[in-house]
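Data file: coords_24.txt. Format and content: compact mmCIF, C-alpha atoms.
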# COMPACT_ATOMS: atom_id res chain seq x y z
CA MET A 11 11.49 7.11 41.91
CA THR A 12 8.92 9.86 42.33
CA THR A 13 7.93 11.66 39.12
CA ALA A 14 7.34 15.05 40.78
CA PRO A 15 10.42 16.98 41.91
CA ILE A 16 11.29 17.71 45.53
CA SER A 17 11.70 21.37 46.39
CA SER A 18 13.59 22.47 49.49
CA ALA A 19 14.37 25.39 51.75
CA VAL A 20 16.78 26.11 54.60
CA MET A 21 15.34 27.76 57.70
CA THR A 22 17.64 30.46 59.05
CA HIS A 23 18.10 33.75 60.87
CA PRO A 24 20.25 36.69 59.74
CA VAL A 25 22.93 35.83 62.33
CA ARG A 26 23.38 32.46 60.60
CA LYS A 27 22.88 33.56 57.01
CA GLU A 28 26.41 32.65 55.84
CA GLN A 29 26.18 29.26 57.54
CA ALA A 30 22.82 28.61 55.87
CA GLU A 31 24.09 29.70 52.44
CA ALA A 32 27.06 27.34 52.74
CA LEU A 33 24.78 24.47 53.73
CA ALA A 34 22.39 25.09 50.84
CA ALA A 35 25.24 25.32 48.35
CA ARG A 36 26.96 22.19 49.64
CA LEU A 37 23.81 20.05 49.50
CA GLY A 38 22.16 21.60 46.44
CA LEU A 39 19.17 22.80 48.46
CA GLY A 40 16.74 25.57 47.53
CA GLY A 41 16.79 29.12 48.82
CA LEU A 42 16.91 30.43 52.35
CA ALA A 43 13.76 30.89 54.43
CA MET A 44 14.69 33.89 56.55
CA ASP A 45 13.06 34.75 59.87
CA PRO A 46 10.59 37.50 58.88
CA ASP A 47 10.94 39.22 62.28
CA PRO A 48 14.54 38.61 63.38
CA ASP A 49 14.36 41.18 66.18
CA GLY A 50 11.13 39.77 67.57
CA PRO A 51 10.71 37.11 70.26
CA PRO A 52 12.40 33.83 69.29
CA SER A 53 10.06 31.66 67.20
CA ALA A 54 11.05 28.71 65.06
CA LEU A 55 7.46 28.46 63.85
CA ARG A 56 7.59 31.96 62.36
CA THR A 57 10.49 30.93 60.15
CA ALA A 58 9.08 27.45 59.48
CA LEU A 59 5.96 28.96 57.92
CA VAL A 60 8.18 30.88 55.50
CA ALA A 61 10.08 27.68 54.71
CA TRP A 62 6.96 25.60 54.05
CA ALA A 63 5.55 28.36 51.84
CA ALA A 64 8.70 28.22 49.71
CA ARG A 65 7.72 25.02 47.92
CA THR A 66 7.71 25.27 44.14
CA ALA A 67 4.57 24.93 42.07
CA ALA A 68 5.80 21.78 40.33
CA ALA A 69 6.96 20.01 43.47
CA GLY A 70 5.31 16.89 44.80
CA HIS A 71 7.18 17.06 48.10
CA HIS A 72 8.96 19.77 50.04
CA LEU A 73 12.01 19.32 52.26
CA VAL A 74 12.76 21.78 55.06
CA VAL A 75 16.21 21.73 56.67
CA GLN A 76 17.40 23.90 59.54
CA ASP A 77 20.64 25.80 59.25
CA ASP A 78 22.52 24.14 62.14
CA VAL A 79 22.95 20.66 60.64
CA ALA A 80 25.51 18.59 58.81
CA ALA A 81 24.48 16.10 56.13
CA PRO A 82 26.08 14.05 53.35
CA ALA A 83 26.28 15.30 49.79
CA GLU A 84 23.80 12.53 48.86
CA LEU A 85 21.05 13.92 51.10
CA LEU A 86 18.66 14.90 48.31
CA GLU A 87 19.17 11.55 46.60
CA LEU A 88 18.43 9.68 49.85
CA VAL A 89 15.34 11.82 50.46
CA ALA A 90 14.11 11.18 46.91
CA GLY A 91 14.43 7.42 47.36
CA SER A 92 12.57 7.59 50.66
CA VAL A 93 9.80 9.73 49.16
CA ALA A 94 9.37 7.26 46.31
CA ARG A 95 8.96 4.48 48.86
CA PHE A 96 6.65 6.38 51.25
CA PRO A 97 4.95 9.06 49.13
CA ASP A 98 2.19 9.86 51.65
CA GLU A 99 4.28 10.04 54.82
CA ALA A 100 5.92 12.80 56.82
CA LEU A 101 9.55 11.67 56.66
CA ILE A 102 11.96 12.75 59.41
CA PHE A 103 15.70 12.36 58.84
CA TYR A 104 17.07 13.48 62.21
CA THR A 105 16.02 12.33 65.69
CA ASN A 106 17.30 13.87 68.93
CA TRP A 107 19.36 11.42 70.97
CA HIS A 108 17.80 12.33 74.34
CA ALA A 109 14.10 12.22 73.40
CA ARG A 110 11.52 9.42 73.43
CA ASN A 111 11.76 9.42 69.65
CA GLY A 112 15.51 9.03 69.96
CA ALA A 113 14.98 5.95 72.12
CA ALA A 114 12.52 4.60 69.55
CA ALA A 115 15.05 5.06 66.73
CA ARG A 116 17.78 3.43 68.82
CA LEU A 117 15.56 0.45 69.64
CA ALA A 118 14.59 0.11 65.97
CA ALA A 119 18.25 0.19 64.94
CA LEU A 120 19.07 -2.65 67.32
CA ALA A 121 16.09 -4.59 65.92
CA GLY A 122 17.36 -4.12 62.35
CA ALA A 123 14.55 -1.79 61.17
CA GLY A 124 15.01 1.02 58.66
CA TRP A 125 12.13 3.21 59.84
CA VAL A 126 10.08 3.58 63.00
CA ARG A 127 6.77 5.32 63.65
CA ALA A 128 7.30 8.41 65.80
CA VAL A 129 5.99 8.63 69.35
CA PRO A 130 2.73 10.54 68.79
CA GLU A 131 2.67 12.65 71.97
CA GLU A 132 6.23 13.95 71.62
CA PHE A 133 7.49 16.80 69.44
CA ALA A 134 8.25 15.87 65.84
CA PRO A 135 11.94 16.57 65.08
CA THR A 136 12.05 19.20 62.35
CA LEU A 137 15.76 19.68 61.66
CA ALA A 138 15.27 17.80 58.39
CA ILE A 139 11.70 16.85 57.46
CA CYS A 140 10.00 16.19 54.12
CA LEU A 141 6.25 16.44 53.54
CA PRO A 142 3.97 15.89 50.56
CA VAL A 143 3.05 19.37 49.33
CA ARG A 144 -0.61 18.88 50.22
CA THR A 145 0.46 18.03 53.77
CA ALA A 146 2.79 21.03 53.87
CA ASP A 147 -0.03 23.31 52.76
CA ALA A 148 -2.36 21.80 55.36
CA PHE A 149 0.25 22.35 58.06
CA ARG A 150 0.55 26.01 57.13
CA GLY A 151 -3.21 26.38 57.43
CA PHE A 152 -3.19 24.56 60.77
CA ALA A 153 -0.33 26.67 62.15
CA ARG A 154 -1.44 30.06 60.91
CA GLY A 155 -2.28 32.30 63.87
CA SER A 156 -0.91 29.88 66.47
CA VAL A 157 0.77 31.32 69.56
CA GLU A 158 3.11 28.31 69.70
CA ARG A 159 6.71 29.24 68.89
CA HIS A 160 8.12 25.71 68.57
CA ASP A 161 7.48 24.33 65.09
CA ASP A 162 8.35 20.79 66.23
CA GLU A 163 5.60 20.82 68.87
CA LEU A 164 3.05 22.18 66.42
CA MET A 165 4.11 19.71 63.72
CA ALA A 166 3.41 16.84 66.13
CA ALA A 167 0.04 18.33 67.05
CA PHE A 168 -0.82 18.69 63.36
CA LEU A 169 0.19 15.12 62.55
CA ARG A 170 -2.01 13.89 65.41
CA THR A 171 -4.97 15.54 63.69
CA GLN A 172 -4.04 13.58 60.57
CA GLY A 173 -4.19 10.34 62.55
CA ARG A 174 -0.61 9.29 61.86
CA SER A 175 2.68 10.54 63.30
CA GLY A 176 5.74 10.82 61.10
CA LEU A 177 8.18 8.10 60.08
CA LEU A 178 11.61 8.45 61.66
CA ALA A 179 14.58 7.38 59.57
CA VAL A 180 16.42 4.95 61.85
CA PRO A 181 19.85 5.74 60.37
CA ASN A 182 20.21 9.47 61.00
CA VAL A 183 22.09 10.87 58.00
CA VAL A 184 21.51 14.40 59.32
CA GLU A 185 23.42 15.59 62.39
CA HIS A 186 22.88 18.61 64.61
CA ILE A 187 25.93 20.85 65.01
CA GLY A 188 26.72 23.29 67.80
CA THR A 189 25.01 23.88 71.15
CA SER A 190 23.69 27.40 70.63
CA SER A 191 19.97 27.87 70.02
CA ILE A 192 18.11 30.85 68.67
CA ASN A 193 14.89 29.25 69.89
CA GLY A 194 15.94 28.69 73.50
CA HIS A 195 17.13 25.06 73.50
CA ALA A 196 20.70 25.71 74.70
CA ALA A 197 19.80 24.52 78.21
CA GLN A 198 19.38 21.02 76.75
CA GLY A 199 23.13 20.87 76.24
CA VAL A 200 24.76 18.82 73.51
CA ARG A 201 22.00 17.63 71.18
CA LEU A 202 23.03 15.02 68.64
CA ALA A 203 21.46 12.30 66.50
CA ALA A 204 20.33 9.04 68.09
CA CYS A 205 21.85 6.80 65.40
CA PRO A 206 24.41 8.74 63.29
CA VAL A 207 25.19 6.72 60.16
CA GLY A 208 26.98 7.53 56.90
CA ALA A 209 25.14 7.58 53.61
CA ALA A 210 26.51 4.25 52.33
CA ASP A 211 25.34 2.34 55.40
CA ALA A 212 22.05 4.24 55.61
CA ARG A 213 20.97 3.71 52.01
CA PRO A 214 19.96 -0.01 52.25
CA LEU A 215 17.96 0.65 55.41
CA LEU A 216 16.20 3.70 53.99
CA ASP A 217 15.47 1.99 50.67
CA HIS A 218 14.58 -1.52 51.86
CA GLY A 219 14.54 -1.67 55.67
CA TRP A 220 11.36 -2.79 57.40
CA VAL A 221 9.12 -0.38 59.32
CA LEU A 222 8.61 -0.75 63.05
CA GLU A 223 5.04 0.53 63.32
CA GLU A 224 4.05 -0.44 66.86
CA LEU A 225 6.47 0.44 69.63
CA ASP A 226 4.88 -1.53 72.48
CA TRP A 227 6.41 -0.28 75.75
CA LEU A 228 9.46 1.90 75.24
CA PRO A 229 12.41 2.34 77.62
CA TYR A 230 14.11 5.73 77.51
CA MET A 231 16.39 7.90 79.67
CA ARG A 232 16.33 11.53 80.69
CA TYR A 233 18.51 13.50 83.09
CA GLY A 234 20.36 10.42 84.30
CA GLU A 235 17.32 8.26 85.08
CA GLY A 236 15.46 5.46 83.30
CA TYR A 237 11.80 5.64 82.30
CA LEU A 238 9.24 3.55 80.46
CA ARG A 239 6.59 4.75 78.04
CA PRO A 240 3.62 2.34 78.39
CA VAL A 241 1.68 0.99 75.44
CA GLY A 242 -0.98 3.49 74.36
CA HIS A 243 0.48 6.28 76.48
CA GLU A 244 -0.76 8.85 73.96
CA ARG A 245 -4.28 8.21 75.34
CA ASP A 246 -3.25 8.96 78.92
CA ALA A 247 -4.85 11.96 80.62
CA ASP A 248 -1.36 13.49 80.68
CA PRO A 249 0.58 11.83 77.86
CA ARG A 250 3.66 14.00 78.42
CA ARG A 251 4.23 12.72 81.96
CA HIS A 252 7.25 10.53 82.56
CA LEU A 253 6.96 7.21 84.38
CA ARG A 254 10.02 5.80 86.13
CA TRP A 255 10.77 2.26 85.06
CA PRO A 256 9.90 0.52 88.38
CA GLU A 257 6.51 2.28 88.36
CA ALA A 258 5.72 1.28 84.76
CA LEU A 259 6.99 -2.32 84.85
CA PRO A 260 3.90 -4.33 85.94
CA PRO A 261 2.23 -4.61 82.49
CA THR A 262 5.54 -5.76 80.95
CA GLY A 263 5.69 -9.05 82.84
CA LEU A 264 9.04 -8.08 84.36
CA THR A 265 9.79 -7.06 87.92
CA ALA A 266 12.30 -4.67 89.43
CA GLY A 267 13.63 -7.53 91.53
CA ARG A 268 14.40 -9.63 88.49
CA LEU A 269 16.11 -6.79 86.66
CA ARG A 270 18.27 -5.91 89.66
CA ASP A 271 19.16 -9.57 90.09
CA LEU A 272 20.22 -9.77 86.43
CA ALA A 273 22.36 -6.66 86.91
CA ARG A 274 23.96 -8.26 89.98
CA ARG A 275 24.75 -11.45 88.09
CA TYR A 276 25.66 -10.26 84.60
CA ARG A 277 26.86 -6.67 84.75
CA PRO A 278 30.64 -6.30 84.15
CA GLU A 279 31.94 -5.19 87.52
CA ASP A 280 34.98 -3.23 86.32
CA ALA A 281 33.00 -1.23 83.75
CA ALA A 282 30.19 -0.57 86.25
CA ALA A 283 32.70 0.70 88.79
CA GLU A 284 34.38 2.99 86.26
CA VAL A 285 31.10 4.42 84.92
CA GLY A 286 30.05 4.92 88.53
CA ARG A 287 33.30 6.67 89.41
CA LEU A 288 32.95 9.03 86.46
CA PHE A 289 29.23 9.76 86.52
CA GLY A 290 27.87 8.35 89.78
CA ALA A 291 26.84 4.88 90.91
CA ALA A 292 23.15 5.69 90.49
CA PHE A 293 23.69 6.61 86.84
CA ALA A 294 25.67 3.42 86.24
CA ASP A 295 22.77 1.39 87.67
CA GLU A 296 20.13 3.25 85.67
CA LEU A 297 22.04 3.06 82.39
CA TRP A 298 22.62 -0.70 82.60
CA ILE A 299 19.00 -1.53 83.46
CA HIS A 300 17.78 0.85 80.74
CA CYS A 301 19.97 -0.95 78.17
CA LEU A 302 18.83 -4.32 79.49
CA LEU A 303 15.23 -3.28 78.76
CA LEU A 304 16.28 -1.81 75.42
CA GLY A 305 17.84 -5.10 74.36
CA ARG A 306 14.77 -7.04 75.45
CA GLN A 307 12.45 -4.83 73.41
CA ALA A 308 14.74 -4.83 70.36
CA ALA A 309 14.76 -8.62 70.39
CA ASP A 310 10.97 -8.67 70.68
CA ALA A 311 10.60 -6.22 67.77
CA ALA A 312 12.94 -8.30 65.62
CA ARG A 313 10.57 -11.29 65.97
CA ARG A 314 7.62 -9.47 64.41
CA PRO A 315 6.26 -10.51 61.01
CA ALA A 316 7.39 -7.25 59.37
CA ALA A 317 10.94 -7.98 60.46
CA GLN A 318 10.85 -11.62 59.44
CA SER A 319 9.52 -10.87 55.95
CA ALA A 320 11.83 -7.90 55.33
CA SER A 321 14.66 -7.70 52.87
CA PRO A 322 18.00 -8.81 54.29
CA ARG A 323 19.30 -6.41 56.91
CA PRO A 324 22.72 -4.82 56.71
CA ALA A 325 25.16 -7.57 57.55
CA GLY A 326 28.81 -7.81 58.43
CA ALA A 327 30.68 -4.56 58.90
CA ALA A 328 27.74 -2.37 57.79
CA GLY A 329 25.34 -3.99 60.25
CA ALA A 330 27.93 -3.71 63.01
CA ARG A 331 28.39 0.01 62.29
CA VAL A 332 24.65 0.72 62.52
CA ARG A 333 24.42 -1.17 65.81
CA ALA A 334 27.52 0.59 67.14
CA ALA A 335 26.10 3.98 66.15
CA ALA A 336 22.93 3.34 68.14
CA LEU A 337 24.85 2.10 71.18
CA SER A 338 27.36 4.95 71.05
CA THR A 339 24.75 7.58 71.90
CA VAL A 340 22.78 5.92 74.68
CA GLY A 341 25.21 6.74 77.50
CA PRO A 342 25.96 10.39 76.67
CA ALA A 343 22.30 11.09 75.85
CA GLY A 344 21.21 9.61 79.17
CA LEU A 345 23.34 12.00 81.19
CA PRO A 346 22.01 15.31 82.54
CA PRO A 347 22.68 18.01 79.91
CA GLU A 348 25.30 19.78 82.01
CA ARG A 349 27.45 16.62 82.15
CA ARG A 350 27.46 15.64 78.48
CA LEU A 351 30.52 17.75 77.73
CA GLU A 352 32.46 15.52 80.13
CA VAL A 353 32.21 12.61 77.69
CA THR A 354 35.62 12.25 76.07
CA PRO A 355 36.17 9.68 73.32
CA GLU A 356 37.60 7.28 75.89
CA ARG A 357 34.61 7.68 78.18
CA ALA A 358 32.25 7.30 75.24
CA ALA A 359 33.93 4.01 74.33
CA LEU A 360 33.60 2.83 77.93
CA MET A 361 29.88 3.62 78.03
CA THR A 362 29.30 2.03 74.63
CA ALA A 363 30.85 -1.25 75.73
CA TYR A 364 28.94 -1.06 79.01
CA ALA A 365 25.67 -0.48 77.15
CA GLU A 366 26.45 -3.35 74.76
CA SER A 367 26.85 -5.76 77.68
CA ALA A 368 23.37 -4.88 78.95
CA VAL A 369 21.71 -4.95 75.52
CA ARG A 370 23.13 -8.41 74.81
CA CYS A 371 21.85 -9.60 78.16
CA GLY A 372 18.43 -8.10 77.42
CA GLU A 373 18.29 -9.80 74.03
CA LEU A 374 18.35 -13.13 75.90
CA LEU A 375 15.53 -12.15 78.25
CA LEU A 376 12.59 -13.32 76.13
CA GLY A 377 10.83 -16.53 77.11
CA PRO A 378 10.29 -18.23 80.45
CA GLU A 379 13.78 -19.70 80.45
CA GLY A 380 15.58 -16.57 79.31
CA LEU A 381 18.53 -16.04 81.67
CA GLY A 382 16.83 -18.10 84.34
CA ALA A 383 13.57 -17.81 86.18
CA GLU A 384 12.45 -15.10 88.59
CA PRO A 385 14.66 -14.85 91.68
Can you give me the file's structure in the form of structure tokens?
Amino acid sequence: MTTAPISSAVMTHPVRKEQAEALAARLGLGGLAMDPDPDGPPSALRTALVAWAARTAAAGHHLVVQDDVAAPAELLELVAGSVARFPDEALIFYTNWHARNGAAARLAALAGAGWVRAVPEEFAPTLAICLPVRTADAFRGFARGSVERHDDELMAAFLRTQGRSGLLAVPNVVEHIGTSSINGHAAQGVRLAACPVGAADARPLLDHGWVLEELDWLPYMRYGEGYLRPVGHERDADPRRHLRWPEALPPTGLTAGRLRDLARRYRPEDAAAEVGRLFGAAFADELWIHCLLLGRQAADAARRPAAQSASPRPAGAAGARVRAAALSTVGPAGLPPERRLEVTPERAALMTAYAESAVRCGELLLGPEGLGAEP
């Protein structure tokens, strides 16, 4: 374990002071970092700078948590173990389910990884993030005077200057709560973790799980449609642009014709019809092909040397729960924000099983004989 203590602070606003105090008391966190200009224009960065300045003199690392989260009582213990393992990294313990980073965490979970390198061009989730104190101090210097109000965007920009994006914890032990947003994110609808896992199941992955460093091409969904992030997309002239999956397929060795043929042959008809009835036939098509690609990439990642030489992955019921957690969020997260509230437990179960059928099909896609040749 690390010899230097970990200090912490909870970012908050006066309207959420009681909520923040309860969170800090429940988890044993440090004091509150209050918005210094609560009546001013919304700015998460303004409060984040207060939070990062709150690190103690003796601390080796500093953890900043936002006030609208839930986390297990063991959070500080889990963070300490992760810091001891990765003392020089920016460690991120929550990943949004609808972002590229959420797709990366989901893919890594299906591959059996414990950590995954964040997508460099996307915002760095900051609901629960721990930095070495020297990195925290450097971030404050980098951010001072910035006109940016989103601390997650500026954190990603800062980490790019350091040459290494953060490490995302694949099992998300921190969960976002509520849909309100002081910083203007309410239009994004329900925003939850990509792979919500309890502390007991998360611990072996955080402490011993292998690290997926290179993402290769990454399938993800947004607003009901499937996309692909190409390899090296951070070097694109416009790295924030989104490429629809048929447009981005050529370098992958797959074709849209083959994927649609696999959907025609292997997709469960009853589930496809029901997902289509509830959320539209186009969404049902997009979700299944997205999960097909997700399964293919997870299987490819699991073949890498880091995976093969890793400590044993969670097996049995624990491994099944991690996989189920990742699959449970892919359907709701892929919907347009205004439709996520329509996902009842029954509909979530339907979409999870539907996603599982596609992922399992995708896991068999590797190799020239995988599920047959090109149509």
(request) Name the closest residue to Thr145 (chain A) among the candidates A:Ala327, A:Leu238, A:Cys205, A:Leu73; distances are taken between atoms, counting all atoms listed in the file. (result) A:Leu73
Select from region 82-103 of chain A every residue with an atom at most 6 Å from any atom of region 131-143 of chain A, then for each give the shortest pair of atoms and their distance in Å to one decimal, using all atoms listed in the file, rows by chain and rising number, as CSV.
residue,atom,partner,partner_atom,distance
A:Ala100,CA,A:Leu141,CA,4.9
A:Leu101,CA,A:Cys140,CA,5.2
A:Ile102,CA,A:Ile139,CA,4.5
A:Phe103,CA,A:Ala138,CA,5.5
Kindly export the residues of the current selection with C-alpha atoms, as a PDB file, in the coordinates of the input.
ATOM      1  CA  ALA A 100       5.920  12.800  56.820  1.00  0.00           C
ATOM      2  CA  LEU A 101       9.550  11.670  56.660  1.00  0.00           C
ATOM      3  CA  ILE A 102      11.960  12.750  59.410  1.00  0.00           C
ATOM      4  CA  PHE A 103      15.700  12.360  58.840  1.00  0.00           C
TER       5      PHE A 103
END
(request) Fewer than 2 positions away in the same chain doesn't count, so skip those; otherwise give me all residues within 12 Å of Glu279 (chain A), counting all atoms listed in the file, as a PyMOL selection string. (result) chain A and resi 273-277+281-286+291+294-295+298+364+367
(request) Go through A:Val207, A:Ala179, A:Ala365, A:Leu375 and flag the residue nearest Leu272 (chain A), using all atoms listed in the file for the distances. (result) A:Leu375
(request) Determine, counting all atoms listed in the file, which protein, DNA and RNA residues have an atom within 12 Å of an atom of Ser156 (chain A); residues of the same chain fewer than 6 positions away are not included. Present the result as a list in words. (result)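 The residues that qualify are Ser53, Leu55, Arg56, Leu59, Phe149, Arg150, Glu163, Leu164, Met165, Ala167 and Phe168 of chain A.
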(message) Excluding region 358-362 of chain A and its own-chain neighbours fewer than 3 positions away, which residues fall within 6 Å of it when counting all atoms listed in the file? Please give them as a list in words.
(response)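 The contact residues come out as Leu337, Ser338, Gly341, Val353, Pro355 and Ala365 of chain A.
Here the question is which of A:Gly151, A:Ala368, A:Pro261, A:Glu185 gets nearest to Gly208 (chain A) using all atoms listed in the file, and that residue is A:Glu185.
Picture a line from CA of Thr265 (chain A) to CA of Ala292 (chain A); it runs 18.6 Å.
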Counting all atoms listed in the file, note down every residue that has an atom within 10 Å of the point (15.9, 6.5, 64.4) (file coordinates), as an mmCIF file with C-alpha atoms, keeping the file's coordinate frame.
data_model
loop_
_atom_site.group_PDB
_atom_site.id
_atom_site.type_symbol
_atom_site.label_atom_id
_atom_site.label_comp_id
_atom_site.auth_asym_id
_atom_site.auth_seq_id
_atom_site.Cartn_x
_atom_site.Cartn_y
_atom_site.Cartn_z
ATOM 1 C CA ILE A 102 11.960 12.750 59.410
ATOM 2 C CA PHE A 103 15.700 12.360 58.840
ATOM 3 C CA TYR A 104 17.070 13.480 62.210
ATOM 4 C CA THR A 105 16.020 12.330 65.690
ATOM 5 C CA ASN A 106 17.300 13.870 68.930
ATOM 6 C CA TRP A 107 19.360 11.420 70.970
ATOM 7 C CA ASN A 111 11.760 9.420 69.650
ATOM 8 C CA GLY A 112 15.510 9.030 69.960
ATOM 9 C CA ALA A 113 14.980 5.950 72.120
ATOM 10 C CA ALA A 114 12.520 4.600 69.550
ATOM 11 C CA ALA A 115 15.050 5.060 66.730
ATOM 12 C CA ARG A 116 17.780 3.430 68.820
ATOM 13 C CA LEU A 117 15.560 0.450 69.640
ATOM 14 C CA ALA A 118 14.590 0.110 65.970
ATOM 15 C CA ALA A 119 18.250 0.190 64.940
ATOM 16 C CA ALA A 123 14.550 -1.790 61.170
ATOM 17 C CA GLY A 124 15.010 1.020 58.660
ATOM 18 C CA TRP A 125 12.130 3.210 59.840
ATOM 19 C CA VAL A 126 10.080 3.580 63.000
ATOM 20 C CA ARG A 127 6.770 5.320 63.650
ATOM 21 C CA ALA A 128 7.300 8.410 65.800
ATOM 22 C CA LEU A 177 8.180 8.100 60.080
ATOM 23 C CA LEU A 178 11.610 8.450 61.660
ATOM 24 C CA ALA A 179 14.580 7.380 59.570
ATOM 25 C CA VAL A 180 16.420 4.950 61.850
ATOM 26 C CA PRO A 181 19.850 5.740 60.370
ATOM 27 C CA ASN A 182 20.210 9.470 61.000
ATOM 28 C CA VAL A 183 22.090 10.870 58.000
ATOM 29 C CA ALA A 203 21.460 12.300 66.500
ATOM 30 C CA ALA A 204 20.330 9.040 68.090
ATOM 31 C CA CYS A 205 21.850 6.800 65.400
ATOM 32 C CA PRO A 206 24.410 8.740 63.290
ATOM 33 C CA ALA A 336 22.930 3.340 68.140
#
Output as a Markdown table one row per residue of region 161-246 of chain A within 10 Å of region 74-90 of chain A: the closest atom pair and its distance in Å to one decimal place, counting only C-alpha atoms, sorted by chain and residue number ascending.
| residue | atom | partner | partner_atom | distance |
| --- | --- | --- | --- | --- |
| A:Asn182 | CA | A:Ala81 | CA | 9.3 |
| A:Val183 | CA | A:Ala81 | CA | 6.0 |
| A:Val184 | CA | A:Ala81 | CA | 4.7 |
| A:Glu185 | CA | A:Ala80 | CA | 5.1 |
| A:His186 | CA | A:Val79 | CA | 4.5 |
| A:Ile187 | CA | A:Val79 | CA | 5.3 |
| A:Gly188 | CA | A:Asp78 | CA | 7.1 |
| A:Thr189 | CA | A:Asp78 | CA | 9.4 |
| A:Ser190 | CA | A:Asp78 | CA | 9.2 |
| A:Ser191 | CA | A:Asp78 | CA | 9.1 |
| A:Leu202 | CA | A:Val79 | CA | 9.8 |
| A:Gly208 | CA | A:Pro82 | CA | 7.5 |
| A:Ala209 | CA | A:Pro82 | CA | 6.5 |
| A:Ala210 | CA | A:Glu84 | CA | 9.4 |
| A:Ala212 | CA | A:Leu88 | CA | 8.7 |
| A:Arg213 | CA | A:Leu88 | CA | 6.8 |
| A:Leu216 | CA | A:Leu88 | CA | 7.6 |
| A:Asp217 | CA | A:Leu88 | CA | 8.3 |
(request) Excluding Pro48 (chain A) and any residue of its chain fewer than 2 positions from it, enumerate the residues within 10 Å of it, using all atoms listed in the file, and give them as a list in words. (result) Thr22, His23, Pro24, Val25, Met44, Asp45, Pro46, Gly50, Pro51, Pro52, Ser53, Arg56 and Thr57 of chain A
(request) Select, from A:His108, A:Arg306, A:His218, A:Arg314, the residue with the minimum atom-to-atom distance to Leu264 (chain A), counting all atoms listed in the file. (result)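 Counting all atoms listed in the file, the residue closest to Leu264 (chain A) is A:Arg306.
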(message) Rounded to one decimal, what separation in Å do you get between CA of Leu374 (chain A) and CA of Trp227 (chain A)?
(response)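 Computing the Euclidean distance for CA of Leu374 (chain A) and CA of Trp227 (chain A) yields 17.5 Å.
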(message) As an exercise, work out the distance from CA of Arg36 (chain A) to CA of Gly176 (chain A) in Å and give it to one decimal place.
(response)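 Taking CA of Arg36 (chain A) as the start and CA of Gly176 (chain A) as the end point, the length is 26.7 Å.
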